[in-house]
Structures are given as C-alpha cells and as structure tokens.
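Have a look at the structure below, then the notes.
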Protein chains: 2
Amino acid sequence: MKINDNFNKLVPNYLFADVARKTNEFAAAHPEREIIRLGIGDVTLPLAPAVVDAMQKGCEDLRFRETFKGYPEYEGYDFLRERIAEYYQSFGVKIKADEVFVSDGAKSDCGNIGDIFSQDNTVLIPDPVYPVYVDANIMAGRPILYAPSGQDEHFLAMPDKNVRADIIYLCSPNNPTGAAYSASQLKEWVDYARKNNAVILYDAAYEAFIRDDLPRSIFSIDGARECAIELCSLSKTAGFTGVRCGYTVIPHELVRDGKKLHDLWYRRQATKFNGVSWAVQCAAAAVFSPEGQRQCRKNLDYYHKNAQMIARTLDKLGIYYTGGQNSPYIWLKCPNGMSSWQFFDYLLEKAAVVGTPGEGFGSCGKGYFRLTSFNSHEKTAEAVERLAAACQN
Amino acid sequence: MKINDNFNKLVPNYLFADVARKTNEFAAAHPEREIIRLGIGDVTLPLAPAVVDAMQKGCEDLRFRETFKGYPEYEGYDFLRERIAEYYQSFGVKIKADEVFVSDGAKSDCGNIGDIFSQDNTVLIPDPVYPVYVDANIMAGRPILYAPSGQDEHFLAMPDKNVRADIIYLCSPNNPTGAAYSASQLKEWVDYARKNNAVILYDAAYEAFIRDDLPRSIFSIDGARECAIELCSLSKTAGFTGVRCGYTVIPHELVRDGKKLHDLWYRRQATKFNGVSWAVQCAAAAVFSPEGQRQCRKNLDYYHKNAQMIARTLDKLGIYYTGGQNSPYIWLKCPNGMSSWQFFDYLLEKAAVVGTPGEGFGSCGKGYFRLTSFNSHEKTAEAVERLAAACQN
C-alpha cells in the first residue's frame with residue numbers, strides 16, 4: 001500500500017502555532033498586562049434568536065415518529081435551496097434553486113470540488129489568500145501558479161494574459177486583505193476564464209459584509225454562468241462557524257468535456273456525502289427569513305463598527321490598509337518598514353495586542369498584517385487606542 | 001479545463017429508481033391494495049429522548065455569548081472522542097480517544113479516506129456489498145478487484161492468497177447480506193493484509209446490531225492496529241441518519257511509507273473539512289451516556305424483533321437466508337429459482353410487499369433479495385404473513 005505522496009509536498013504552516021506560542025510566552029512573562037486579540041478569525045456573537053428557535057424546533061421533530069427525519073437529500077432540502085435562491089434574488093442575482101447544493105461548509109466544498117476535475121489542470125491562486133486552496137491542490141497533485149497582488153493592485157490580483165490556467169480560485173471580499181472586486185474587475189476574470197476555457201471557483205464567504213455597490217456574487221457578471229462555480233457559507237453571514245452549513249452554486253450552463261459540472265458534483269456528493277443535519281438545515285432556512293435577516297444584520301453591523309474603529313485609527317496614523325468597509329478584515333502595511341513578525345512582536349510588546357502576520361497568507365503578505373473585527377466593541381476600542389499610542393511613539 | 005474522466009467510467013445504478021418506479025406503477029394500478037415496504041434502508045424510530053434533550057441544550061448554548069461555540073476541532077471535541085473510546089472499552093476493545101476522528105458520517109469518511117492513498121493502489125471489495133466503495137474508487141481511478149461470496153461462504157468473502165491487493169474494504173455485519181465475520185475469519189483477513197502490506201478499511205456501521213459472540217470491532221483482532229482503519233456511524237446505532245455523525249479510528253501503529261496514516265488523515269481533515277456541528281456532537285455524546293445507551297438499545301431491540309419475524313417465517317418456508325440475528329437485514333435466496341427481479345415482481349404482485357433485488361449490490365447478488373427490519377411491528381407482521389402465503393402457493 002502506497003500513501004498519496006503529494007502529502008510529502010505539503011509545507012507545514014507553523015504561523016498560527018507560532019502566534020499562539022509567542023502570545024502565551026508574553027502572557028506568562030507579563031501577567032499584569034491584559035492581552036487583546038485582534039487576530040480572531042472566528043465569529044464571537046451568539047446566533048440570531050430566530051435561528052436558535054428554528055434549530056431547536058428541528059431537534060424536536062426528531063423526538064416523534066410522525067415528524068422524524070432520516071437521510072436528507074444529498075443536495076439539501078428544497079425549502080432551504082429555495083430560500084437561498086430567493087436570497088440571491090434579493091440582491092438582483094438570478095439562480096435556480098436546483099443549482100444550489102447545501103453542504104456542511106464552504107471549506108469542505110472548496111476541497112472536495114477538486115474531485116470532479118482532472119489532476120492535469122493548472123490551478124491559479126491569488127496571493128495573499130486563505131491557505132486551504134493551495135494545500136487542497138497540492139494534495140491532489142495539481143500544478144499551481146500564483147496571481148500576485150500588492151499595493152499597486154490594492155491587493156486585488158488581476159488576470160495576466162500571458163498566464164494559462166484551467167482552474168482559478170477567487171475570494172472576494174478577500175481573506176485576509178478585505179479587498180473586494182468591482183464588477184468591471186470581475187468581468188476581466190470572467191473574460192479571461194472564458195477565453196482559456198477555465199473554471200472560476202469563486203469563494204463568496206464574506207459577501208454579506210459588502211456595503212458598497214460591489215458584486216455580491218460572481219453570477220451578477222455577464223458570462224459567469226458559463227465559467228464559474230460559487231462557494232458560500234453561513235459561517236460569517238450568520239455566525240455558523242460552529243453550526244456548519246454552506247452552499248455551492250453550479251449553473252446548468254457550466255459544461256466542460258460535454259458534461260454538466262452540476263451533474264458531476266451531484267454524483268460526487270451522492271457517492272461521498274450524505275447531506276446536512278435536519279436541525280441545521282432548519283436553522284439555515286431561518287437565516288433567510290425576514291426576521292433572521294434582520295437579526296443577522298445586527299451582528300454584521302456590530303462587526304462593521306469594530307472594523308471602522310480600526311480603519312479610522314489607521315487613517316489618522318497615515319498607515320496604508322485595505323478592507324474594513326466591506327469585510328471583517330483589515331490588512332495593513334507594517335509601519336516603519338517592519339516585517340510582519342517584527343510588527344507582531346512590536347505590537348505585542350508595546351500594546352499587548354495580537355494580530356496575524358501577513359506572510360501566513362502567501363509571500364505577497366510579507367510586510368503586512370491582518371487585524372479582525374470579531375472582538376467586542378470595548379476591547380476593540382481599547383486595542384486601537386493602544387495601537388495608536390504604540391505607532392505614534 | 002478537463003474534467004476527471006474517471007466519472008465517465010461510473011455505471012449508473014438504476015436499481016433503486018427502478019424499484020421506486022415499479023412500486024409507483026403497481027400502486028397506481030391497484031389503489032385498493034396496501035403496499036408494505038420491506039426495502040427501507042433508513043431508520044424509522046425517533047431519536048432517544050436523552051439524545052434530543054442534549055441536542056436542544058447544545059442549540060441553547062449558541063443563543064448566548066458566554067456559551068456560544070465557534071469553529072469546532074477538526075477531529076471532534078475531546079468529550080465525544082473520550083465517550084467513543086469508553087464505548088469501545090465496554091465491549092473489550094482498547095483504543096485511545098486521540099485515535100478517534102469525528103465526522104459528519106461514515107459515508108463521507110469512506111469516500112474521503114481515499115485522499116490519503118496513492119491512486120496506484122489496487123482495491124479489493126467484497127461482492128455483494130454497499131455500492132459506494134466501488135463508485136468512490138472508480139472516481140479516484142484505482143484498479144478494483146472483487147472478493148466474491150455466495151452460499152458456500154455464507155456470504156462472507158474470504159481472502160484468496162493468489163490475489164494481491166493494497167486496500168481492502170470489509171463490512172461486518174454486511175450490508176446487504178446481514179452476515180457477520182467471526183474472530184477467526186477476521187484474523188484471516190488481518191493476516192492477509194499484513195502479509196500484503198495492505199490496509200483494511202473496516203466498515204462497522206452495523207456493529208451495534210451484533211448479539212452473538214462476534215467481533216464488534218476489527219481492533220478486537222490481534223495485529224489489526226498495524227493494518228486497519230475502522231469507520232463507524234451513529235446512523236443505525238442511534239438513528240442518526242438525519243442527524244449526521246460518524247467516526248473513524250486510526251491507530252497510531254498504522255504506518256505506511258514511514259508515515260502515520262493518523263497524521264495524514266488529520267492533515268486531510270484540517271484542509272478539507274471543518275468539523276461537526278456543536279449540537280450534533282452534544283447529541284452524539286448523549287448516545288454514549290448510560291441513559292442514551294438504554295434508550296438506543298430499545299430501538300435496536302425493536303428492529304431485532306422485526307428481523308426475527310422475517311427470519312422465523314423464512315425458516316418455516318425452508319428458504320435460505322443470511323442475517324436477521326446480528327443485523328437489520330435479511331438476505332434470502334429467491335424461491336423456485338427466480339431471478340432477483342422476477343421475485344421482486346412476484347412479491348409485489350402476490351403480496352404487495354416491496355423488497356430490494358440483490359443484484360443492486362454486486363453480481364453475486366443475482367438470485368437473492370434483501371428485506372429490512374425498519375418498518376413497524378404491525379406492518380412487518382402483516383408483510384411476512386403475506387410473504388408466507390405467496391411463497392406457499
């Protein structure tokens with residue numbers, strides 16, 4: 001028996017472990033100082049009451065023979081798929097309910113979607129970006145190219161006509177940079193993909209954070225239905241990181257080698273997945289009810305207020321950043337030419353504030369730093385005061 | 001962009017669709033006759049009350065900031081992994097909690113575990129068996145061999161020393177035949193696997209149905225920790241088909257190409273999976289509480305009584321079968337030399353009873369038929385009376 005030797009090519013990312021270790025060492029050495037974490041990548045506000053109510057009612061259904069639910073549909077219950085299609089409609093994008101596949105999260109789909117593609121495809125991945133796209137494709141043995149971005153591009157990688165790729169990952173609003181594509185920028189990607197017969201895997205996990213007039217879905221772009229798959233999640237939209245529910249949209253028009261990718265994904269899911277928990281699907285449907293939307297919006301507003309506190313502070317300090325308006329993330333240039341790790345140490349030492357060194361998200365992240373809006377108002381306000389004091393010295 | 005052309009090698013299994021179509025046609029033509037379904041592959045009894053209570057309490061935790069849960073551990077919460085290790089201990093098998101990986105179901109793990117193995121491995125799959133092992137490996141492009149079984153083997157495929165395989169799927173108690181391996185039979189498989197440097201993927205989804213003195217886990221066999229992975233599920237044990245929770249056990253001793261398969265699977269799950277819903281893990285832990293075990297046992301006893309009704313009827317009729325004692329399934333030889341489909345039609349016509357033609361589970365299933373114990377006592381009693389009348393004519 002031979003293992004998949006592509007696992008030997010994976011490079012361990014010790015960054016998050018190193019952040020934790022350094023933070024713990026600092027805490028042990030300075031028990032008198034209160035550390036504030038602006039590196040949190042997880043939501044902290046509780047679920048919307050309407051969502052908890054629906055989930056508990058879903059559980060109650062399982063108590064009685066008459067209302068008990070066994071195996072769910074592989075692709076999700078119709079009532080939830082219809083709610084998701086209506087949600088798209090609410091921001092002007094038309095998709096069909098039967099193009100929606102409900103899953104246990106966008107991370108699973110991001111990785112598993114590779115099953116329907118040949119290993120010979122070349123993958124194009126933005127830099128900096130969420131690291132799992134890279135690792136999933138290293139495991140699959142696919143050649144990987146990077147689409148770099150920096151301040152000149154406002155951290156929004158754009159297509160290079162000299163680069164030939166078959167599968168393109170995009171993430172907008174981007175994790176970690178918080179930058180979000182405009183319609184005309186996405187149109188360039190769609191045109192590039194169509195010209196190359198490529199497929200875009202569009203990670204829209206942060207779409208609910210968009211406040212400006214920017215695309216919430218790749219399917220708002222002409223031609224995207226012939227070249228794109230959209231992956232989305234309730235993790236950040238509705239605080240579902242611990243509930244686990246996401247969805248993937250594959251238009252019927254998306255055909256390669258004479259096959260509808262929709263049908264290939266259905267076959268993949270029918271073989272290697274067995275659907276999402278009944279109570280979780282009930283909770284997810286409640287997210288899209290008018291009451292659920294109102295309550296979830298309140299949480300998004302809460303995080304936005306934190307993001308704005310951070311952004312206004314950086315404005316005053318004259319520090320370059322992206323994000324903070326259409327995203328829970330703020331991506332800043334480390335002041336005074338510091339490296340990501342130098343600034344990490346400096347901020348911890350001077351302000352007892354923890355963030356994430358940008359190089360954990362790709363080599364274009366060197367010299368940059370990610371702060372997040374998931375702490376409380378009080379802690380965020382205190383953290384930015386300390387950050388300002390540290391950076392003015 | 002090229003699709004994974006292994007999908008073109010998948011053979012659509014129309015059997016279950018054909019069963020549904022024929023049943024619907026019969027119902028439409030004979031509205032006066034009450035059809036009884038003994039083809040159900042899903043549980044029908046509601047969850048144990050202790051389990052629903054725990055799940056609802058888990059939901060309630062998500063309502064408040066103080067008790068809210070975000071991203072779970074990729075491998076499951078320790079409290080659940082410890083309960084599962086204790087459960088193994090209750091039938092005399094020692095595993096460590098940190099060898100347990102909690103997932104959204106054994107079907108996901110059965111398919112996804114392939115990610116850690118090279119595509120060049122030859123896979124050995126019993127015939128007849130649960131069809132997803134075959135499809136998942138066709139998708140991955142692995143060469144597949146079959147280990148056939150029939151009445152001579154009591155439908156328990158045994159190793160053939162002339163066959164060389166790298167990955168071996170076993171399912172005991174078997175779906176669809178209900179036959180379960182003895183310790184000495186499993187020892188033969190373990191010895192074969194070790195001799196061939198192969199890995200056994202042991203599907204124990206029906207272990208809770210075992211009543212006789214037969215192994216509940218492959219890890220009760222000497223040497224299995226060096227050559228086996230066990231996949232299990234709460235779907236049948238506790239009626240979790242709609243709740244979605246399973247677990248996979250990978251011993252630390254299982255090493256190939258110098259790598260612990262435990263660590264490869266952790267890396268796979270950390271990259272392409274994000275853990276199981278908090279409320280579901282709370283519910284799963286309650287399954288393993290003394291109260292949960294008592295309540296789940298009542299449901300298993302209910303199904304066993306149905307299985308025994310079917311088995312006693314076949315005994316009286318002198319029809320050969322396997323299963324029914326340590327399994328919710330009864331696998332019978334179609335009487336009078338009928339083919340699977342001839343008997344399906346005959347039983348539907350004469351008795352208005354629906355079962356599953358055996359050939360849906362592999363070519364060794366031709367001429368056999370699966371009945372299940374998941375209907376009610378009343379319907380099962382009525383069905384076996386009708387079956388007896390039909391087969392005595």
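If you're wondering about the labels, chains in the structure tokens are A, B, ... by order shown, residues count from 1 in each chain, ligands from 1 in order shown.
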
Tell me, as a CSV table (one decimal) with C-alpha atoms, in the first residue's frame, which residues lie within 9 Å of Ser149 in chain B, counting only C-alpha atoms; anything in the same chain fewer than 4 positions away does not count.
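The result, written out as out_2.csv:
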```csv
chain,number,residue,atom,x,y,z
B,126,PRO,CA,-16.4,-7.8,-1.3
B,127,ASP,CA,-19.3,-8.8,-3.6
B,128,PRO,CA,-22.2,-8.2,-2.7
B,153,GLU,CA,-19.2,-18.9,2.1
B,154,HIS,CA,-22.4,-17.9,3.8
B,155,PHE,CA,-21.9,-14.6,2.0
B,156,LEU,CA,-18.7,-13.8,3.9
B,157,ALA,CA,-16.0,-13.2,1.4
B,158,MET,CA,-12.6,-14.6,2.5
B,364,CYS,CA,-23.0,-12.2,-6.6
```

Practice task
For chain A, list the residues within 7 Å of chain B, counting only C-alpha atoms, and write the list as a ChimeraX atom specification.
Solution key: /A:1-5,42-43,45-47,49,52,55-56,59-60,62-65,68-72,107-108,111-112,116-118,121,132,135-136,166-167,197-199,241-244,256-257,271-274,276-278

Just C-alpha atoms for this one: save the residues we selected as a compact mmCIF listing (two decimals), in the first residue's frame.
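Ended up saving to part.txt:
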```txt
# COMPACT_ATOMS: atom_id res chain seq x y z
CA MET A 1 0.00 0.00 0.00
CA LYS A 2 1.40 3.34 -1.04
CA ILE A 3 0.34 6.61 0.51
CA ASN A 4 -0.57 9.63 -1.60
CA ASP A 5 2.95 11.04 -1.80
CA ASP A 42 -13.91 33.23 14.17
CA VAL A 43 -17.20 34.91 15.00
CA LEU A 45 -21.55 36.92 18.76
CA PRO A 46 -24.22 34.33 19.50
CA LEU A 47 -26.67 33.07 16.86
CA PRO A 49 -32.69 34.04 18.27
CA VAL A 52 -31.79 29.03 17.53
CA MET A 55 -32.85 24.67 15.20
CA GLN A 56 -34.49 23.63 18.46
CA CYS A 59 -34.45 18.84 17.06
CA GLU A 60 -37.96 18.43 18.49
CA LEU A 62 -36.72 14.08 15.76
CA ARG A 63 -38.39 13.16 19.06
CA PHE A 64 -41.56 11.79 17.45
CA ARG A 65 -42.14 9.11 14.87
CA PHE A 68 -38.81 12.17 12.46
CA LYS A 69 -36.39 12.76 9.56
CA GLY A 70 -33.98 10.14 8.24
CA TYR A 71 -31.43 10.50 5.45
CA PRO A 72 -31.57 14.00 3.97
CA LYS A 107 -14.28 24.59 3.36
CA SER A 108 -15.47 21.05 2.61
CA GLY A 111 -11.54 20.99 -1.07
CA ASN A 112 -13.91 18.32 -2.35
CA ILE A 116 -14.67 16.47 -10.41
CA PHE A 117 -11.61 17.96 -12.13
CA SER A 118 -8.70 16.22 -13.79
CA ASN A 121 -5.37 21.07 -14.72
CA VAL A 132 -6.52 25.90 2.09
CA ASP A 135 -2.98 22.73 0.30
CA ALA A 136 -6.02 21.01 -1.23
CA ASP A 166 -7.54 25.92 -16.05
CA ILE A 167 -8.94 26.40 -12.55
CA ASN A 197 -11.86 27.56 -21.17
CA ALA A 198 -11.07 27.78 -17.44
CA VAL A 199 -13.41 27.44 -14.46
CA THR A 241 -18.81 28.53 12.25
CA GLY A 242 -19.87 26.02 14.91
CA VAL A 243 -23.16 25.04 13.25
CA ARG A 244 -21.63 24.05 9.89
CA ARG A 256 -16.85 21.04 -19.90
CA ASP A 257 -15.87 17.99 -21.99
CA THR A 271 -21.20 8.93 -3.52
CA LYS A 272 -19.08 10.60 -0.87
CA PHE A 273 -21.51 12.71 1.20
CA ASN A 274 -24.86 12.11 2.84
CA VAL A 276 -26.66 18.02 6.15
CA SER A 277 -28.29 17.57 9.56
CA TRP A 278 -32.05 18.23 9.60
```

Handout entry: Polymer residues at most 10 Å from range 315-327 of chain B, only C-alpha atoms, same-chain spacing of 3 or more positions, as a PyMOL selection string
Key = chain B and resi 151+154-156+172-180+206-214+300+303-312+330-336+368-373+387-389+391-392

Exercise for the section: From the DSSP assignment of the backbone, select every residue of range 203-251 of chain B that is helix (DSSP H, G or I), and format the answer as a PyMOL selection string. Expected result: chain B and resi 207-209+218-220+224-226+240-242

Would you mind exporting the chosen residues as a PDB file, in the first residue's frame, restricted to N, CA and C atoms?
```
ATOM      1  N   GLU B 207     -22.324  -2.492  13.771  1.00  0.00           N
ATOM      2  CA  GLU B 207     -21.780  -3.254  14.913  1.00  0.00           C
ATOM      3  C   GLU B 207     -22.762  -3.327  16.084  1.00  0.00           C
ATOM      4  N   ALA B 208     -23.569  -2.298  16.273  1.00  0.00           N
ATOM      5  CA  ALA B 208     -24.465  -2.284  17.442  1.00  0.00           C
ATOM      6  C   ALA B 208     -25.564  -3.340  17.342  1.00  0.00           C
ATOM      7  N   PHE B 209     -25.749  -3.906  16.134  1.00  0.00           N
ATOM      8  CA  PHE B 209     -26.776  -4.938  15.959  1.00  0.00           C
ATOM      9  C   PHE B 209     -26.274  -6.327  16.354  1.00  0.00           C
ATOM     10  N   ILE B 218     -12.839  -4.420  14.402  1.00  0.00           N
ATOM     11  CA  ILE B 218     -11.669  -5.137  13.889  1.00  0.00           C
ATOM     12  C   ILE B 218     -10.517  -5.065  14.886  1.00  0.00           C
ATOM     13  N   PHE B 219     -10.552  -4.051  15.757  1.00  0.00           N
ATOM     14  CA  PHE B 219      -9.453  -3.898  16.709  1.00  0.00           C
ATOM     15  C   PHE B 219      -9.528  -4.897  17.862  1.00  0.00           C
ATOM     16  N   SER B 220     -10.510  -5.787  17.837  1.00  0.00           N
ATOM     17  CA  SER B 220     -10.502  -6.905  18.786  1.00  0.00           C
ATOM     18  C   SER B 220      -9.605  -8.037  18.265  1.00  0.00           C
ATOM     19  N   ALA B 224      -4.488  -6.091  14.172  1.00  0.00           N
ATOM     20  CA  ALA B 224      -5.297  -5.161  13.370  1.00  0.00           C
ATOM     21  C   ALA B 224      -4.826  -3.720  13.502  1.00  0.00           C
ATOM     22  N   ARG B 225      -4.259  -3.390  14.650  1.00  0.00           N
ATOM     23  CA  ARG B 225      -3.823  -1.995  14.826  1.00  0.00           C
ATOM     24  C   ARG B 225      -2.699  -1.614  13.863  1.00  0.00           C
ATOM     25  N   GLU B 226      -2.033  -2.599  13.302  1.00  0.00           N
ATOM     26  CA  GLU B 226      -0.959  -2.305  12.332  1.00  0.00           C
ATOM     27  C   GLU B 226      -1.465  -2.305  10.892  1.00  0.00           C
ATOM     28  N   PHE B 240     -29.227   8.095  13.673  1.00  0.00           N
ATOM     29  CA  PHE B 240     -28.670   9.400  13.291  1.00  0.00           C
ATOM     30  C   PHE B 240     -28.627   9.636  11.785  1.00  0.00           C
ATOM     31  N   THR B 241     -29.407   8.913  10.995  1.00  0.00           N
ATOM     32  CA  THR B 241     -29.294   9.091   9.540  1.00  0.00           C
ATOM     33  C   THR B 241     -29.562  10.541   9.135  1.00  0.00           C
ATOM     34  N   GLY B 242     -30.470  11.199   9.859  1.00  0.00           N
ATOM     35  CA  GLY B 242     -30.784  12.595   9.557  1.00  0.00           C
ATOM     36  C   GLY B 242     -30.037  13.587  10.429  1.00  0.00           C
TER      37      GLY B 242
END
```

Tell me, as a short mmCIF file (atom, residue, chain, number, x, y, z; two decimals) with N, CA and C atoms, in the first residue's frame, which residues lie within 9 Å of Trp341 in chain A, counting only C-alpha atoms; anything in the same chain fewer than 3 positions away does not count.
```cif
data_model
loop_
_atom_site.label_atom_id
_atom_site.label_comp_id
_atom_site.auth_asym_id
_atom_site.auth_seq_id
_atom_site.Cartn_x
_atom_site.Cartn_y
_atom_site.Cartn_z
N MET A 338 8.76 47.73 9.01
CA MET A 338 8.91 46.49 9.79
C MET A 338 8.42 45.28 8.97
N PHE A 344 4.52 42.17 14.60
CA PHE A 344 3.80 41.33 15.56
C PHE A 344 4.43 41.49 16.94
N ASP A 345 5.75 41.35 17.00
CA ASP A 345 6.45 41.44 18.29
C ASP A 345 6.32 42.84 18.90
N TYR A 346 6.44 43.84 18.02
CA TYR A 346 6.36 45.23 18.49
C TYR A 346 4.99 45.53 19.10
N THR A 356 -2.29 39.06 13.16
CA THR A 356 -1.75 37.94 12.39
C THR A 356 -0.75 38.44 11.34
N PRO A 357 0.49 37.94 11.38
CA PRO A 357 1.48 38.34 10.37
C PRO A 357 1.01 37.94 8.97
N GLY A 358 1.11 38.86 8.03
CA GLY A 358 0.57 38.64 6.70
C GLY A 358 1.21 37.51 5.92
N GLU A 359 2.43 37.15 6.27
CA GLU A 359 3.10 36.14 5.46
C GLU A 359 2.49 34.75 5.64
N LYS A 366 4.18 39.40 2.96
CA LYS A 366 5.34 39.85 3.76
C LYS A 366 5.32 41.36 3.94
N GLY A 367 5.46 41.80 5.19
CA GLY A 367 5.44 43.23 5.46
C GLY A 367 4.04 43.76 5.72
N PHE A 369 -0.05 42.89 7.67
CA PHE A 369 -0.55 42.41 8.96
C PHE A 369 -2.07 42.41 8.93
#
```

Exercise for the section: Would you list, as an MDAnalysis selection string, the residues of range 121-344 of chain A that end up in strand (DSSP E or B) under DSSP run on this structure's backbone? Expected result: chainID A and resid 123:127 144:148 167:171 199:203 228:233 246:249 255:256 259:260 321:323 329:333

Export of prior selection with N, CA and C atoms as a tab-separated table (two decimals), in the first residue's frame:
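What landed in selection.tsv:
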```
chain	number	residue	atom	x	y	z
A	123	VAL	N	-3.75	25.16	-11.73
A	123	VAL	CA	-4.57	25.95	-10.82
A	123	VAL	C	-3.91	27.31	-10.61
A	124	LEU	N	-4.72	28.35	-10.64
A	124	LEU	CA	-4.22	29.71	-10.40
A	124	LEU	C	-4.83	30.23	-9.10
A	125	ILE	N	-3.98	30.63	-8.18
A	125	ILE	CA	-4.43	31.03	-6.84
A	125	ILE	C	-3.88	32.41	-6.51
A	126	PRO	N	-4.73	33.33	-6.08
A	126	PRO	CA	-4.25	34.67	-5.71
A	126	PRO	C	-3.28	34.58	-4.53
A	127	ASP	N	-2.44	35.57	-4.41
A	127	ASP	CA	-1.51	35.69	-3.28
A	127	ASP	C	-1.56	37.14	-2.85
A	144	ILE	N	0.43	24.39	-9.55
A	144	ILE	CA	-0.16	25.61	-9.01
A	144	ILE	C	0.63	26.83	-9.47
A	145	LEU	N	-0.09	27.83	-9.95
A	145	LEU	CA	0.51	29.14	-10.25
A	145	LEU	C	-0.13	30.16	-9.31
A	146	TYR	N	0.57	31.27	-9.10
A	146	TYR	CA	0.03	32.30	-8.22
A	146	TYR	C	-0.25	33.58	-8.99
A	147	ALA	N	-1.31	34.26	-8.60
A	147	ALA	CA	-1.62	35.58	-9.14
A	147	ALA	C	-1.29	36.58	-8.04
A	148	PRO	N	-0.11	37.21	-8.15
A	148	PRO	CA	0.34	38.07	-7.05
A	148	PRO	C	-0.42	39.40	-7.00
A	167	ILE	N	-8.07	26.24	-13.72
A	167	ILE	CA	-8.94	26.40	-12.55
A	167	ILE	C	-8.43	27.63	-11.81
A	168	ILE	N	-9.34	28.56	-11.52
A	168	ILE	CA	-8.95	29.82	-10.90
A	168	ILE	C	-9.73	30.01	-9.60
A	169	TYR	N	-9.03	30.13	-8.50
A	169	TYR	CA	-9.69	30.45	-7.23
A	169	TYR	C	-9.74	31.97	-7.09
A	170	LEU	N	-10.91	32.50	-6.75
A	170	LEU	CA	-11.01	33.91	-6.38
A	170	LEU	C	-11.75	33.97	-5.05
A	171	CYS	N	-11.42	34.97	-4.23
A	171	CYS	CA	-12.06	35.13	-2.92
A	171	CYS	C	-12.34	36.61	-2.75
A	199	VAL	N	-12.29	27.34	-15.40
A	199	VAL	CA	-13.41	27.44	-14.46
A	199	VAL	C	-12.96	28.25	-13.25
A	200	ILE	N	-13.77	29.22	-12.86
A	200	ILE	CA	-13.51	30.02	-11.66
A	200	ILE	C	-14.21	29.38	-10.47
A	201	LEU	N	-13.47	29.17	-9.40
A	201	LEU	CA	-14.08	28.77	-8.13
A	201	LEU	C	-14.12	30.03	-7.26
A	202	TYR	N	-15.32	30.56	-7.11
A	202	TYR	CA	-15.48	31.88	-6.51
A	202	TYR	C	-15.94	31.73	-5.07
A	203	ASP	N	-15.07	32.07	-4.14
A	203	ASP	CA	-15.37	31.95	-2.71
A	203	ASP	C	-16.01	33.25	-2.24
A	228	ALA	N	-18.25	29.67	-14.06
A	228	ALA	CA	-17.96	29.82	-12.63
A	228	ALA	C	-18.82	28.94	-11.73
A	229	ILE	N	-18.21	28.54	-10.63
A	229	ILE	CA	-18.87	27.87	-9.51
A	229	ILE	C	-18.72	28.81	-8.32
A	230	GLU	N	-19.81	29.01	-7.57
A	230	GLU	CA	-19.71	29.89	-6.40
A	230	GLU	C	-19.83	29.06	-5.13
A	231	LEU	N	-18.92	29.32	-4.19
A	231	LEU	CA	-18.94	28.64	-2.90
A	231	LEU	C	-19.27	29.67	-1.83
A	232	CYS	N	-20.24	29.36	-1.00
A	232	CYS	CA	-20.60	30.32	0.03
A	232	CYS	C	-20.91	29.59	1.33
A	233	SER	N	-21.14	30.34	2.37
A	233	SER	CA	-21.18	29.76	3.70
A	233	SER	C	-22.02	30.65	4.60
A	246	GLY	N	-22.98	25.37	4.56
A	246	GLY	CA	-22.57	26.20	3.43
A	246	GLY	C	-23.34	25.78	2.20
A	247	TYR	N	-23.04	26.42	1.07
A	247	TYR	CA	-23.71	26.01	-0.17
A	247	TYR	C	-22.83	26.36	-1.37
A	248	THR	N	-23.01	25.57	-2.40
A	248	THR	CA	-22.25	25.74	-3.64
A	248	THR	C	-23.26	25.84	-4.76
A	249	VAL	N	-23.04	26.81	-5.65
A	249	VAL	CA	-23.97	27.04	-6.76
A	249	VAL	C	-23.26	26.68	-8.07
A	255	VAL	N	-20.59	23.74	-18.64
A	255	VAL	CA	-20.34	22.44	-19.29
A	255	VAL	C	-18.87	22.39	-19.70
A	256	ARG	N	-18.21	21.27	-19.43
A	256	ARG	CA	-16.85	21.04	-19.90
A	256	ARG	C	-16.75	19.58	-20.36
A	259	LYS	N	-19.88	17.58	-20.42
A	259	LYS	CA	-20.58	17.21	-19.17
A	259	LYS	C	-20.98	18.45	-18.38
A	260	LYS	N	-22.17	18.42	-17.82
A	260	LYS	CA	-22.57	19.48	-16.89
A	260	LYS	C	-21.84	19.27	-15.56
A	321	TYR	N	-3.87	50.66	4.33
A	321	TYR	CA	-4.60	49.41	4.62
A	321	TYR	C	-5.63	49.17	3.53
A	322	THR	N	-6.08	47.92	3.43
A	322	THR	CA	-7.26	47.59	2.64
A	322	THR	C	-8.27	46.94	3.60
A	323	GLY	N	-9.54	46.87	3.14
A	323	GLY	CA	-10.57	46.20	3.94
A	323	GLY	C	-11.20	47.12	4.97
A	329	TYR	N	-12.15	42.10	7.87
A	329	TYR	CA	-10.70	42.11	7.98
A	329	TYR	C	-10.11	43.46	7.58
A	330	ILE	N	-9.03	43.82	8.26
A	330	ILE	CA	-8.24	45.00	7.91
A	330	ILE	C	-6.80	44.53	7.70
A	331	TRP	N	-6.28	44.89	6.54
A	331	TRP	CA	-4.96	44.43	6.11
A	331	TRP	C	-4.08	45.65	6.00
A	332	LEU	N	-3.08	45.75	6.86
A	332	LEU	CA	-2.31	46.99	6.91
A	332	LEU	C	-0.84	46.76	6.61
A	333	LYS	N	-0.23	47.83	6.12
A	333	LYS	CA	1.21	47.80	5.88
A	333	LYS	C	1.91	48.04	7.21
```

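If you measure from each of B:Glu99, B:Pro143, B:Asn13, B:Leu347 to Leu254 in chain B using only C-alpha atoms, the closest one turns out to be B:Glu99.
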
Residues within 9 Å of Leu186 in chain B, only C-alpha atoms, excluding chain neighbours under 2 positions, as a compact mmCIF listing (two decimals) with C-alpha atoms, in the first residue's frame:
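What landed in result_21.txt:
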```
# COMPACT_ATOMS: atom_id res chain seq x y z
CA MET B 158 -12.61 -14.60 2.50
CA TYR B 181 -17.50 -12.26 10.45
CA SER B 182 -16.25 -14.42 13.32
CA ALA B 183 -12.99 -13.56 15.07
CA SER B 184 -11.15 -16.34 13.26
CA GLU B 188 -7.51 -14.42 8.29
CA TRP B 189 -8.15 -11.01 6.77
CA VAL B 190 -5.75 -9.30 9.17
CA ASP B 191 -3.06 -11.88 8.41
CA PRO B 215 -16.31 -9.12 16.95
CA ILE B 218 -11.67 -5.14 13.89
CA ILE B 221 -8.24 -8.90 16.42
```

Problem - Å distance separating CA of Gly150 in chain A from CA of Lys22 in chain A, one decimal place - result: 27.4 Å
